[in-house]
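Source file: target13.txt. Holds: compact mmCIF, C-alpha atoms and all ligand atoms.
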```
# COMPACT_ATOMS: atom_id res chain seq x y z
CA MET A 1 105.80 92.21 110.99
CA LYS A 2 102.83 92.12 113.30
CA LYS A 3 99.40 92.23 111.70
CA ASP A 4 97.25 95.28 112.23
CA PHE A 5 94.62 94.78 114.96
CA TYR A 6 91.85 96.27 112.82
CA GLU A 7 92.80 93.96 109.99
CA ILE A 8 92.73 90.94 112.28
CA LEU A 9 89.15 91.70 113.28
CA GLY A 10 88.24 92.77 109.74
CA ILE A 11 86.96 96.21 110.73
CA SER A 12 87.73 99.78 109.78
CA LYS A 13 89.59 102.20 112.02
CA ASN A 14 86.32 104.05 112.56
CA ALA A 15 84.54 101.05 114.03
CA ASP A 16 82.71 101.87 117.25
CA ALA A 17 82.68 99.79 120.43
CA ALA A 18 79.66 97.74 119.36
CA GLU A 19 81.21 96.89 115.99
CA ILE A 20 84.51 95.92 117.60
CA LYS A 21 82.70 93.62 120.00
CA LYS A 22 80.64 92.09 117.23
CA ALA A 23 83.69 91.47 115.07
CA TYR A 24 85.52 89.82 117.94
CA ARG A 25 82.58 87.62 118.78
CA LYS A 26 82.51 86.46 115.17
CA SER A 27 86.25 85.66 115.07
CA ALA A 28 86.16 83.93 118.44
CA LEU A 29 83.35 81.66 117.35
CA LYS A 30 85.01 80.89 114.03
CA TYR A 31 88.42 80.03 115.45
CA HIS A 32 87.34 78.56 118.77
CA PRO A 33 89.51 75.52 119.69
CA ASP A 34 86.44 73.40 120.42
CA LYS A 35 85.37 73.85 116.82
CA ASN A 36 88.86 73.41 115.37
CA PRO A 37 90.50 70.65 117.40
CA GLY A 38 94.22 70.31 116.72
CA ASP A 39 94.23 73.14 114.18
CA LYS A 40 97.25 75.25 115.09
CA GLU A 41 96.43 78.01 112.64
CA ALA A 42 92.93 78.41 114.03
CA GLU A 43 94.37 78.58 117.53
CA GLU A 44 96.81 81.26 116.45
CA ASN A 45 94.00 83.28 114.86
CA PHE A 46 91.93 82.80 117.99
CA LYS A 47 94.73 84.26 120.11
CA LEU A 48 95.39 87.14 117.70
CA ALA A 49 91.71 88.11 117.72
CA ALA A 50 91.68 88.07 121.52
CA GLU A 51 94.77 90.23 121.66
CA ALA A 52 93.32 92.69 119.15
CA TYR A 53 90.08 92.85 121.12
CA GLU A 54 91.88 93.35 124.41
CA VAL A 55 93.47 96.52 123.04
CA LEU A 56 90.68 97.90 120.86
CA SER A 57 87.97 97.41 123.51
CA ASP A 58 89.90 99.55 126.01
CA PRO A 59 89.60 103.24 125.04
CA ASN A 60 92.91 104.02 126.69
CA LYS A 61 94.86 101.25 124.98
CA LYS A 62 93.04 101.93 121.71
CA ALA A 63 94.11 105.59 121.77
CA LYS A 64 97.71 104.54 122.31
CA TYR A 65 97.51 101.91 119.59
CA ASP A 66 95.94 104.36 117.12
CA GLN A 67 98.74 106.80 117.75
CA TYR A 68 101.77 104.56 118.08
CA GLY A 69 100.78 101.18 116.65
CA HIS A 70 102.22 97.99 118.05
CA GLN A 71 105.24 99.75 119.48
CA ALA A 72 102.93 101.35 122.06
CA PHE A 73 102.90 97.99 123.82
CA ASP A 74 106.39 96.71 123.13
CA GLY A 75 109.08 96.57 125.74
CA SER A 76 108.54 97.52 129.33
CA GLY A 77 107.42 100.75 130.89
CA GLY A 78 104.47 102.73 129.70
CA PHE A 79 101.68 103.19 132.15
CA GLY A 80 98.60 101.35 133.13
CA GLY A 81 100.42 98.20 134.04
CA GLY A 82 102.91 96.48 131.81
CA GLY A 83 102.76 95.18 128.31
CA HIS A 84 100.35 92.53 127.20
CA GLY A 85 101.16 90.43 124.15
CA GLY A 86 101.03 86.69 124.26
CA MET A 87 97.75 86.21 126.08
CA ASN A 88 97.18 82.73 127.37
CA MET A 89 93.96 80.79 126.94
CA ASP A 90 92.81 81.47 130.48
CA ASP A 91 93.04 85.20 129.91
CA ILE A 92 91.06 84.82 126.74
CA PHE A 93 88.31 82.77 128.31
CA SER A 94 88.04 85.20 131.19
CA GLN A 95 87.29 87.90 128.59
CA PHE A 96 84.26 85.97 127.42
CA GLY A 97 82.18 86.89 130.43
CA ASP A 98 82.07 90.44 129.11
CA ILE A 99 81.60 89.62 125.47
CA PHE A 100 79.04 86.89 125.57
CA GLY A 101 76.99 88.38 128.35
CA GLY A 102 77.88 85.79 130.94
CA GLY A 103 75.84 83.15 129.14
CA PHE A 104 78.91 81.54 127.68
CA GLY A 105 80.79 81.17 130.91
CA GLY A 106 83.66 78.73 131.05
CA PHE A 107 83.94 77.32 127.57
CA GLY A 108 86.59 74.69 128.04
CA GLY A 109 85.21 73.54 131.36
CA GLY A 110 86.27 74.64 134.79
CA GLY A 111 83.89 77.41 136.00
CA GLY A 112 85.56 78.76 139.13
CA GLY A 113 84.18 79.01 142.67
CA PRO A 114 82.40 82.05 144.07
CA ARG A 115 83.27 85.10 142.07
CA ARG A 116 83.65 88.31 144.00
CA ALA A 117 81.29 90.93 142.70
CA LYS A 118 82.76 94.18 141.48
CA GLY A 119 81.32 97.62 142.16
CA SER A 120 80.57 100.09 139.39
CA ASN A 121 83.19 102.46 137.97
CA LEU A 122 83.31 106.16 138.68
CA ARG A 123 84.33 108.67 136.03
CA ILE A 124 85.95 112.06 136.41
CA LYS A 125 87.63 114.61 134.19
CA VAL A 126 90.96 116.15 135.07
CA LYS A 127 92.05 119.39 133.42
CA LEU A 128 95.78 119.72 132.87
CA THR A 129 97.97 122.59 131.77
CA LEU A 130 100.61 122.03 129.12
CA GLU A 131 103.26 122.33 131.84
CA GLU A 132 101.60 119.56 133.85
CA ILE A 133 101.40 117.37 130.77
CA ALA A 134 105.04 117.98 129.93
CA ASN A 135 106.29 117.14 133.42
CA GLY A 136 103.74 114.66 134.68
CA VAL A 137 101.80 115.55 137.79
CA GLU A 138 100.13 114.09 140.82
CA LYS A 139 96.54 115.32 141.16
CA LYS A 140 94.35 115.03 144.20
CA VAL A 141 90.67 114.78 143.37
CA LYS A 142 87.58 114.53 145.56
CA VAL A 143 85.23 111.74 144.61
CA LYS A 144 81.91 110.62 146.09
CA ARG A 145 82.12 106.85 146.40
CA LYS A 146 79.44 104.39 147.41
CA VAL A 147 80.79 102.41 150.33
CA GLN A 148 79.23 99.87 152.64
CA ALA A 149 77.53 101.64 155.57
CA LYS A 150 78.85 101.22 159.09
CA GLY A 151 77.14 98.30 160.80
CA VAL A 152 75.72 96.80 157.64
CA THR A 153 75.68 93.00 157.49
CA TYR A 154 75.05 90.63 154.65
CA LYS A 155 73.98 87.01 154.62
CA THR A 156 74.48 84.20 152.15
CA CYS A 157 72.14 84.38 149.18
CA SER A 158 69.80 81.38 149.18
CA THR A 159 69.15 81.44 145.44
CA CYS A 160 72.76 80.62 144.58
CA ASN A 161 73.99 79.40 147.97
CA GLY A 162 76.61 82.11 147.98
CA GLN A 163 78.07 81.09 144.63
CA GLY A 164 77.02 84.32 142.92
CA GLN A 165 76.14 82.29 139.84
CA VAL A 166 73.39 79.98 138.77
CA MET A 167 73.84 77.21 136.22
CA ARG A 168 71.78 77.22 133.12
CA VAL A 169 71.66 75.26 129.90
CA THR A 170 71.71 77.28 126.70
CA ASN A 171 71.56 76.35 123.05
CA THR A 172 74.36 78.04 121.17
CA ILE A 173 75.72 77.59 117.70
CA LEU A 174 78.40 75.45 119.30
CA GLY A 175 75.78 73.08 120.67
CA ARG A 176 74.08 72.72 124.04
CA MET A 177 76.13 74.20 126.75
CA GLN A 178 75.79 74.26 130.48
CA SER A 179 76.96 77.61 131.63
CA ALA A 180 76.99 79.83 134.64
CA SER A 181 75.21 83.14 134.75
CA THR A 182 75.06 85.86 137.34
CA CYS A 183 72.58 85.18 140.15
CA PRO A 184 69.52 87.42 139.66
CA THR A 185 68.83 87.67 143.39
CA CYS A 186 72.20 88.91 144.66
CA GLY A 187 73.62 90.27 141.42
CA GLY A 188 76.68 88.03 141.67
CA SER A 189 77.97 88.91 145.10
CA GLY A 190 76.63 85.72 146.68
CA GLN A 191 75.33 87.79 149.55
CA ILE A 192 72.20 89.77 150.27
CA LEU A 193 71.48 92.53 152.75
CA ASP A 194 70.84 91.33 156.29
CA LYS A 195 70.91 94.32 158.62
CA ARG A 196 70.46 97.74 157.04
CA PRO A 197 71.50 100.86 158.98
CA SER A 198 68.91 103.63 158.63
CA GLU A 199 71.12 105.91 156.53
CA ALA A 200 72.01 103.18 154.03
CA ASP A 201 70.32 102.56 150.67
CA ALA A 202 68.71 99.29 149.57
CA GLN A 203 72.10 97.71 149.02
CA GLY A 204 73.49 98.87 152.35
CA MET A 205 75.53 101.65 150.80
CA VAL A 206 76.23 105.24 151.77
CA LEU A 207 78.01 107.99 149.82
CA GLU A 208 81.37 109.01 151.17
CA ASP A 209 83.80 111.75 150.12
CA GLU A 210 87.27 110.53 149.44
CA THR A 211 90.36 112.31 148.21
CA VAL A 212 92.15 110.18 145.65
CA SER A 213 95.65 110.83 144.49
CA ILE A 214 96.23 110.24 140.77
CA LYS A 215 99.69 109.95 139.29
CA ILE A 216 99.56 111.26 135.74
CA PRO A 217 102.56 110.38 133.58
CA ALA A 218 104.19 112.98 131.31
CA GLY A 219 103.00 113.05 127.71
CA VAL A 220 99.30 112.24 128.14
CA VAL A 221 96.94 113.31 125.36
CA ASP A 222 93.58 115.04 125.53
CA GLY A 223 90.84 112.39 125.69
CA MET A 224 93.08 109.68 127.07
CA GLN A 225 91.71 107.68 130.01
CA LEU A 226 93.66 106.48 133.01
CA LYS A 227 92.40 103.92 135.46
CA VAL A 228 92.83 104.04 139.21
CA SER A 229 92.01 100.53 140.40
CA ASN A 230 89.48 99.99 143.18
CA LYS A 231 88.59 103.66 143.66
CA GLY A 232 85.11 103.32 142.17
CA ASN A 233 81.97 102.26 144.03
CA ASP A 234 81.80 99.37 146.45
CA ALA A 235 79.37 96.52 145.90
CA PRO A 236 77.45 94.63 148.59
CA GLY A 237 78.95 91.80 150.59
CA ASN A 238 82.40 90.42 150.10
CA SER A 239 83.18 92.36 146.93
CA VAL A 240 85.83 94.42 145.24
CA PRO A 241 85.28 98.10 144.45
CA GLY A 242 85.02 99.27 140.84
CA ASP A 243 87.62 101.54 139.29
CA LEU A 244 87.98 105.27 138.98
CA ILE A 245 88.29 106.24 135.31
CA VAL A 246 90.11 109.51 134.79
CA ALA A 247 89.62 111.32 131.47
CA ILE A 248 92.37 113.77 130.54
CA GLU A 249 91.43 117.21 129.31
CA GLU A 250 94.17 119.48 128.02
CA LEU A 251 93.84 123.20 128.73
CA GLU A 252 94.87 125.54 125.95
CA HIS A 253 98.15 127.34 126.54
CA GLU A 254 98.33 131.10 126.21
CA PHE A 255 100.94 131.11 123.46
CA LEU A 256 102.35 127.62 122.99
CA LYS A 257 100.57 125.26 120.64
CA ARG A 258 100.91 121.52 121.02
CA GLU A 259 101.01 119.19 118.06
CA GLY A 260 101.67 115.62 119.19
CA GLU A 261 105.00 115.75 120.97
CA ASN A 262 106.09 118.99 119.33
CA ILE A 263 105.30 122.50 120.49
CA HIS A 264 104.98 125.51 118.22
CA PHE A 265 105.69 129.10 119.15
CA ASP A 266 105.13 132.20 117.03
CA LEU A 267 107.94 134.70 117.56
CA TYR A 268 107.47 138.26 116.35
CA ILE A 269 110.52 140.41 115.74
CA SER A 270 110.74 143.94 114.42
CA PHE A 271 112.04 144.85 111.00
CA PRO A 272 115.28 146.37 112.43
CA GLU A 273 115.81 143.25 114.55
CA ALA A 274 115.50 141.08 111.45
CA VAL A 275 117.99 143.28 109.63
CA LEU A 276 120.54 143.58 112.43
CA GLY A 277 120.12 140.23 114.20
CA VAL A 278 118.92 139.84 117.79
CA SER A 279 118.90 137.51 120.80
CA LYS A 280 115.49 136.58 122.20
CA ASP A 281 114.25 134.73 125.27
CA ILE A 282 111.60 132.18 124.42
CA GLU A 283 109.19 131.10 127.16
CA ALA A 284 109.50 127.36 126.73
CA ILE A 285 107.67 124.80 128.84
CA ASN A 286 110.21 124.68 131.62
CA GLY A 287 111.55 128.22 131.66
CA LYS A 288 113.27 130.57 129.29
CA VAL A 289 115.44 129.49 126.39
CA ARG A 290 117.69 132.05 124.72
CA ILE A 291 117.94 131.92 120.95
CA LYS A 292 120.13 133.98 118.66
CA LEU A 293 118.75 135.19 115.36
CA GLU A 294 121.40 136.04 112.78
CA GLU A 295 121.37 139.31 110.93
CA GLY A 296 119.26 139.21 107.82
CA ILE A 297 116.96 136.47 109.14
CA GLN A 298 113.92 135.89 106.94
CA SER A 299 110.33 135.93 108.05
CA GLY A 300 108.92 132.40 108.03
CA LYS A 301 112.12 130.75 109.19
CA ILE A 302 111.53 127.90 111.67
CA LEU A 303 114.09 127.22 114.37
CA ARG A 304 113.96 123.76 115.89
CA LEU A 305 114.97 123.43 119.54
CA LYS A 306 115.58 119.71 119.99
CA GLY A 307 114.02 118.00 122.97
CA LYS A 308 112.20 121.11 124.25
CA GLY A 309 108.78 119.66 123.45
CA ILE A 310 106.58 117.13 125.23
CA PRO A 311 108.05 113.82 126.44
CA SER A 312 106.80 110.70 124.72
CA ILE A 313 104.30 108.81 126.84
CA ASN A 314 106.29 105.64 126.17
CA GLY A 315 109.48 107.21 127.43
CA TYR A 316 111.14 107.45 124.02
CA GLY A 317 112.63 110.95 124.37
CA SER A 318 110.85 114.23 123.80
CA GLY A 319 109.49 116.27 120.93
CA ASP A 320 110.91 119.62 119.83
CA LEU A 321 110.04 123.27 120.25
CA LEU A 322 109.56 124.89 116.84
CA VAL A 323 109.99 128.65 116.83
CA HIS A 324 108.34 130.33 113.84
CA VAL A 325 109.96 133.66 113.04
CA ASN A 326 107.58 136.42 111.96
CA VAL A 327 108.90 139.82 110.98
CA TRP A 328 106.52 142.54 112.12
CA THR A 329 105.91 145.19 109.50
CA PRO A 330 105.19 148.63 110.99
CA LYS A 331 101.76 149.99 110.07
CA THR A 332 102.49 153.66 110.62
CA LEU A 333 105.65 155.66 110.00
CA ASN A 334 106.71 159.22 110.64
CA LYS A 335 107.87 161.48 107.85
CA GLU A 336 111.58 160.58 107.97
CA GLN A 337 110.91 156.87 108.18
CA LYS A 338 108.56 157.08 105.25
CA GLN A 339 111.20 158.96 103.28
CA PHE A 340 113.75 156.25 104.15
CA PHE A 341 111.59 153.45 102.82
CA GLU A 342 110.61 155.41 99.74
CA ASN A 343 114.27 155.75 98.91
CA ALA A 344 114.72 152.04 99.67
CA LEU A 345 112.17 151.11 97.03
CA ASN A 346 114.77 151.62 94.33
CA ASP A 347 117.67 150.27 96.38
CA GLU A 348 118.98 146.91 95.16
CA HIS A 349 119.63 145.84 98.78
CA PHE A 350 115.90 145.63 99.34
CA VAL A 351 115.07 143.58 96.27
CA PRO A 352 114.14 140.01 97.29
CA SER A 353 116.65 137.46 96.07
CA PRO A 354 116.04 134.20 97.92
CA GLU A 355 118.96 131.80 97.80
CA LYS A 356 118.48 128.20 96.75
CA SER A 357 119.41 127.09 100.27
CA GLU A 358 116.51 129.00 101.75
CA LYS A 359 113.67 126.57 101.77
CA SER A 360 110.26 127.66 100.67
CA PHE A 361 107.36 127.53 103.08
CA PHE A 362 106.13 124.32 101.47
CA GLU A 363 109.47 122.58 101.82
CA LYS A 364 109.65 123.58 105.47
CA VAL A 365 106.22 122.18 106.16
CA LYS A 366 107.22 118.97 104.41
CA ASP A 367 110.32 118.74 106.61
CA MET A 368 108.36 119.24 109.80
CA PHE A 369 106.21 116.21 109.18
CA SER A 370 108.92 113.90 107.89
ZN ZN B 1 72.68 84.82 144.73
```
Rewrite the structure from the file as structure tokens, please.
Ligand SMILES: [Zn+2]
Amino acid sequence: MKKDFYEILGISKNADAAEIKKAYRKSALKYHPDKNPGDKEAEENFKLAAEAYEVLSDPNKKAKYDQYGHQAFDGSGGFGGGGHGGMNMDDIFSQFGDIFGGGFGGFGGGGGGPRRAKGSNLRIKVKLTLEEIANGVEKKVKVKRKVQAKGVTYKTCSTCNGQGQVMRVTNTILGRMQSASTCPTCGGSGQILDKRPSEADAQGMVLEDETVSIKIPAGVVDGMQLKVSNKGNDAPGNSVPGDLIVAIEELEHEFLKREGENIHFDLYISFPEAVLGVSKDIEAINGKVRIKLEEGIQSGKILRLKGKGIPSINGYGSGDLLVHVNVWTPKTLNKEQKQFFENALNDEHFVPSPEKSEKSFFEKVKDMFS
């Protein structure tokens, strides 16, 4: 049984980004191998904390984890690039740049050569219909990206000699440490503007429209974020672009209601239809589905159409379509009809006598969530 990520970091499920970061920083310092040489248990805790932080610090992964737990990351498939699990020490140390503000740098030695600067991320919202969510969709969106202007040139930064980092000695609770931090002159790219075309900004950038194609997998949830690598802004010099972060927004459907992977539909039938039985076409997500209602069907009955819901984002099958039967009671009657029902008042056929097998509303609700 794998330990809960929140438990590992000792935080509540409501912890915000700052609290998550703080909790991880605390665990990382406590279990750091340099402080616990040869202690296998500390090393294991150190790795677990890193793994927990990797998931909880990423809104997309966090949303999946909150919904599906550890199984969200088990096995292959899924989206956003493979499972994680079993991080190695290098991965963990490379995280530290973000957490410890660069000041901590390469803990166990070995700061690498010139680091390529990364441009900033762009964010967009994509609105999806329930049909698009159920089937997955490829969306083309227009984004305005900062790119390096035509004819721009950069030269090696003299502050850091093109390394993008400057060395500095800091006092930390782990002792004096020589560490690398981002060069203040070039911002880490190792290069500064040389020739600036007139239309470019101070960093040699211009705004450019680009159409980006985004593959959205079936089963996404409102608020989920997908990442399109390298479709954010460029940075100066020899750099890599940032990412395009795509937030999913689910549009409300006219008459289908989504609840996780299940879909609910309210079906209204007339009183005679309930008495005599009827076949009805239900507008499901991917076209009509015919259902047969037996004679004497009760209002409140729920019919479950297996697999006609939303596919699981992890590829584990699909939810169901739940059809709620509502018998429509007429509000006005003509004279003969009124006479008919007045006679029916004393007719034993019309006296309610629910059978034991007919579940009450409360039992049905209990079933739906089990
Ligand atoms: Zn520099």
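Taking all atoms listed in the file into account, ligand ZN 1 (chain B) lies nearest to A:Lys155 out of the set A:Lys150, A:Lys125, A:Lys155, A:Lys21.
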Problem - Test item: which residues lie within 10 Å of (120.4, 143.5, 116.6) counting all atoms listed in the file, as a VMD selection string - result: chain A and resid 270 272 to 279 292 to 296
Practice task
Please identify the residues whose atoms come within 6 Å of ligand ZN 1 (chain B), using all atoms listed in the file, and report them as an MDAnalysis selection string.
Solution key: chainID A and resid 157 159:160 162 164 183 185:186 188 190
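Contact shell of Arg123 (chain A) at 8 Å (only C-alpha atoms; same-chain neighbours under 5 positions omitted): Leu244, Ile245, Val246 and Ala247 of chain A.
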Problem - Exercise: Val126 (chain A) partners within 10 Å, only C-alpha atoms, chain neighbours under 3 positions left out, as a ChimeraX atom specification - result: /A:139-141,214,216,222,225,246-251
Handout entry: Pick from A:Pro330, A:Gly204, A:Gly10, A:Pro33 nearest to Ala49 (chain A), counting all atoms listed in the file
Key =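 So, comparing all the options, the nearest one is A:Gly10.
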Take region 255-291 of chain A, model N, CA and C atoms, and hand the result over as a PDB file, in the frame of the given file.
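Just written: part05.pdb:
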```
ATOM      1  N   PHE A 255     100.238 130.843 124.722  1.00  0.00           N
ATOM      2  CA  PHE A 255     100.940 131.110 123.460  1.00  0.00           C
ATOM      3  C   PHE A 255     101.715 129.932 122.886  1.00  0.00           C
ATOM      4  N   LEU A 256     101.696 128.793 123.554  1.00  0.00           N
ATOM      5  CA  LEU A 256     102.350 127.620 122.990  1.00  0.00           C
ATOM      6  C   LEU A 256     101.286 126.696 122.419  1.00  0.00           C
ATOM      7  N   LYS A 257     101.551 126.145 121.261  1.00  0.00           N
ATOM      8  CA  LYS A 257     100.570 125.260 120.640  1.00  0.00           C
ATOM      9  C   LYS A 257     101.157 123.865 120.528  1.00  0.00           C
ATOM     10  N   ARG A 258     100.420 122.894 121.063  1.00  0.00           N
ATOM     11  CA  ARG A 258     100.910 121.520 121.020  1.00  0.00           C
ATOM     12  C   ARG A 258     100.446 120.809 119.754  1.00  0.00           C
ATOM     13  N   GLU A 259     101.378 120.031 119.192  1.00  0.00           N
ATOM     14  CA  GLU A 259     101.010 119.190 118.060  1.00  0.00           C
ATOM     15  C   GLU A 259     101.725 117.853 118.276  1.00  0.00           C
ATOM     16  N   GLY A 260     101.031 116.896 118.825  1.00  0.00           N
ATOM     17  CA  GLY A 260     101.670 115.620 119.190  1.00  0.00           C
ATOM     18  C   GLY A 260     102.702 115.878 120.272  1.00  0.00           C
ATOM     19  N   GLU A 261     103.942 115.524 119.975  1.00  0.00           N
ATOM     20  CA  GLU A 261     105.000 115.750 120.970  1.00  0.00           C
ATOM     21  C   GLU A 261     105.744 117.055 120.719  1.00  0.00           C
ATOM     22  N   ASN A 262     105.424 117.723 119.617  1.00  0.00           N
ATOM     23  CA  ASN A 262     106.090 118.990 119.330  1.00  0.00           C
ATOM     24  C   ASN A 262     105.266 120.163 119.843  1.00  0.00           C
ATOM     25  N   ILE A 263     105.971 121.276 120.078  1.00  0.00           N
ATOM     26  CA  ILE A 263     105.300 122.500 120.490  1.00  0.00           C
ATOM     27  C   ILE A 263     105.689 123.600 119.505  1.00  0.00           C
ATOM     28  N   HIS A 264     104.705 124.409 119.139  1.00  0.00           N
ATOM     29  CA  HIS A 264     104.980 125.510 118.220  1.00  0.00           C
ATOM     30  C   HIS A 264     104.856 126.840 118.941  1.00  0.00           C
ATOM     31  N   PHE A 265     105.735 127.773 118.566  1.00  0.00           N
ATOM     32  CA  PHE A 265     105.690 129.100 119.150  1.00  0.00           C
ATOM     33  C   PHE A 265     105.892 130.132 118.048  1.00  0.00           C
ATOM     34  N   ASP A 266     105.004 131.112 118.007  1.00  0.00           N
ATOM     35  CA  ASP A 266     105.130 132.200 117.030  1.00  0.00           C
ATOM     36  C   ASP A 266     105.932 133.325 117.642  1.00  0.00           C
ATOM     37  N   LEU A 267     107.103 133.609 117.073  1.00  0.00           N
ATOM     38  CA  LEU A 267     107.940 134.700 117.560  1.00  0.00           C
ATOM     39  C   LEU A 267     107.818 135.884 116.612  1.00  0.00           C
ATOM     40  N   TYR A 268     107.531 137.045 117.164  1.00  0.00           N
ATOM     41  CA  TYR A 268     107.470 138.260 116.350  1.00  0.00           C
ATOM     42  C   TYR A 268     108.681 139.123 116.629  1.00  0.00           C
ATOM     43  N   ILE A 269     109.390 139.501 115.567  1.00  0.00           N
ATOM     44  CA  ILE A 269     110.520 140.410 115.740  1.00  0.00           C
ATOM     45  C   ILE A 269     110.277 141.632 114.845  1.00  0.00           C
ATOM     46  N   SER A 270     110.948 142.725 115.201  1.00  0.00           N
ATOM     47  CA  SER A 270     110.740 143.940 114.420  1.00  0.00           C
ATOM     48  C   SER A 270     111.597 143.890 113.155  1.00  0.00           C
ATOM     49  N   PHE A 271     111.293 144.771 112.237  1.00  0.00           N
ATOM     50  CA  PHE A 271     112.040 144.850 111.000  1.00  0.00           C
ATOM     51  C   PHE A 271     113.528 145.135 111.260  1.00  0.00           C
ATOM     52  N   PRO A 272     113.851 146.145 112.126  1.00  0.00           N
ATOM     53  CA  PRO A 272     115.280 146.370 112.430  1.00  0.00           C
ATOM     54  C   PRO A 272     115.949 145.155 113.069  1.00  0.00           C
ATOM     55  N   GLU A 273     115.230 144.434 113.928  1.00  0.00           N
ATOM     56  CA  GLU A 273     115.810 143.250 114.550  1.00  0.00           C
ATOM     57  C   GLU A 273     116.143 142.192 113.499  1.00  0.00           C
ATOM     58  N   ALA A 274     115.250 142.047 112.523  1.00  0.00           N
ATOM     59  CA  ALA A 274     115.500 141.080 111.450  1.00  0.00           C
ATOM     60  C   ALA A 274     116.722 141.491 110.640  1.00  0.00           C
ATOM     61  N   VAL A 275     116.864 142.785 110.440  1.00  0.00           N
ATOM     62  CA  VAL A 275     117.990 143.280 109.630  1.00  0.00           C
ATOM     63  C   VAL A 275     119.304 143.152 110.394  1.00  0.00           C
ATOM     64  N   LEU A 276     119.287 143.504 111.668  1.00  0.00           N
ATOM     65  CA  LEU A 276     120.540 143.580 112.430  1.00  0.00           C
ATOM     66  C   LEU A 276     120.880 142.309 113.206  1.00  0.00           C
ATOM     67  N   GLY A 277     119.904 141.425 113.353  1.00  0.00           N
ATOM     68  CA  GLY A 277     120.120 140.230 114.200  1.00  0.00           C
ATOM     69  C   GLY A 277     119.767 140.567 115.635  1.00  0.00           C
ATOM     70  N   VAL A 278     119.368 139.570 116.421  1.00  0.00           N
ATOM     71  CA  VAL A 278     118.920 139.840 117.790  1.00  0.00           C
ATOM     72  C   VAL A 278     118.911 138.537 118.597  1.00  0.00           C
ATOM     73  N   SER A 279     119.075 138.670 119.925  1.00  0.00           N
ATOM     74  CA  SER A 279     118.900 137.510 120.800  1.00  0.00           C
ATOM     75  C   SER A 279     117.540 137.633 121.481  1.00  0.00           C
ATOM     76  N   LYS A 280     116.822 136.532 121.597  1.00  0.00           N
ATOM     77  CA  LYS A 280     115.490 136.580 122.200  1.00  0.00           C
ATOM     78  C   LYS A 280     115.334 135.470 123.234  1.00  0.00           C
ATOM     79  N   ASP A 281     114.593 135.768 124.296  1.00  0.00           N
ATOM     80  CA  ASP A 281     114.250 134.730 125.270  1.00  0.00           C
ATOM     81  C   ASP A 281     112.887 134.153 124.909  1.00  0.00           C
ATOM     82  N   ILE A 282     112.856 132.856 124.729  1.00  0.00           N
ATOM     83  CA  ILE A 282     111.600 132.180 124.420  1.00  0.00           C
ATOM     84  C   ILE A 282     111.077 131.539 125.704  1.00  0.00           C
ATOM     85  N   GLU A 283     109.804 131.755 125.998  1.00  0.00           N
ATOM     86  CA  GLU A 283     109.190 131.100 127.160  1.00  0.00           C
ATOM     87  C   GLU A 283     108.835 129.672 126.782  1.00  0.00           C
ATOM     88  N   ALA A 284     109.772 128.766 127.031  1.00  0.00           N
ATOM     89  CA  ALA A 284     109.500 127.360 126.730  1.00  0.00           C
ATOM     90  C   ALA A 284     108.745 126.751 127.903  1.00  0.00           C
ATOM     91  N   ILE A 285     108.468 125.463 127.809  1.00  0.00           N
ATOM     92  CA  ILE A 285     107.670 124.800 128.840  1.00  0.00           C
ATOM     93  C   ILE A 285     108.295 124.901 130.226  1.00  0.00           C
ATOM     94  N   ASN A 286     109.578 124.642 130.299  1.00  0.00           N
ATOM     95  CA  ASN A 286     110.210 124.680 131.620  1.00  0.00           C
ATOM     96  C   ASN A 286     111.198 125.836 131.727  1.00  0.00           C
ATOM     97  N   GLY A 287     110.708 127.053 131.500  1.00  0.00           N
ATOM     98  CA  GLY A 287     111.550 128.220 131.660  1.00  0.00           C
ATOM     99  C   GLY A 287     112.060 128.760 130.343  1.00  0.00           C
ATOM    100  N   LYS A 288     112.844 129.848 130.489  1.00  0.00           N
ATOM    101  CA  LYS A 288     113.270 130.570 129.290  1.00  0.00           C
ATOM    102  C   LYS A 288     114.390 129.857 128.550  1.00  0.00           C
ATOM    103  N   VAL A 289     114.352 129.989 127.221  1.00  0.00           N
ATOM    104  CA  VAL A 289     115.440 129.490 126.390  1.00  0.00           C
ATOM    105  C   VAL A 289     115.878 130.654 125.526  1.00  0.00           C
ATOM    106  N   ARG A 290     117.197 130.918 125.518  1.00  0.00           N
ATOM    107  CA  ARG A 290     117.690 132.050 124.720  1.00  0.00           C
ATOM    108  C   ARG A 290     118.052 131.563 123.319  1.00  0.00           C
ATOM    109  N   ILE A 291     117.546 132.265 122.319  1.00  0.00           N
ATOM    110  CA  ILE A 291     117.940 131.920 120.950  1.00  0.00           C
ATOM    111  C   ILE A 291     118.534 133.145 120.270  1.00  0.00           C
TER     112      ILE A 291
END
```
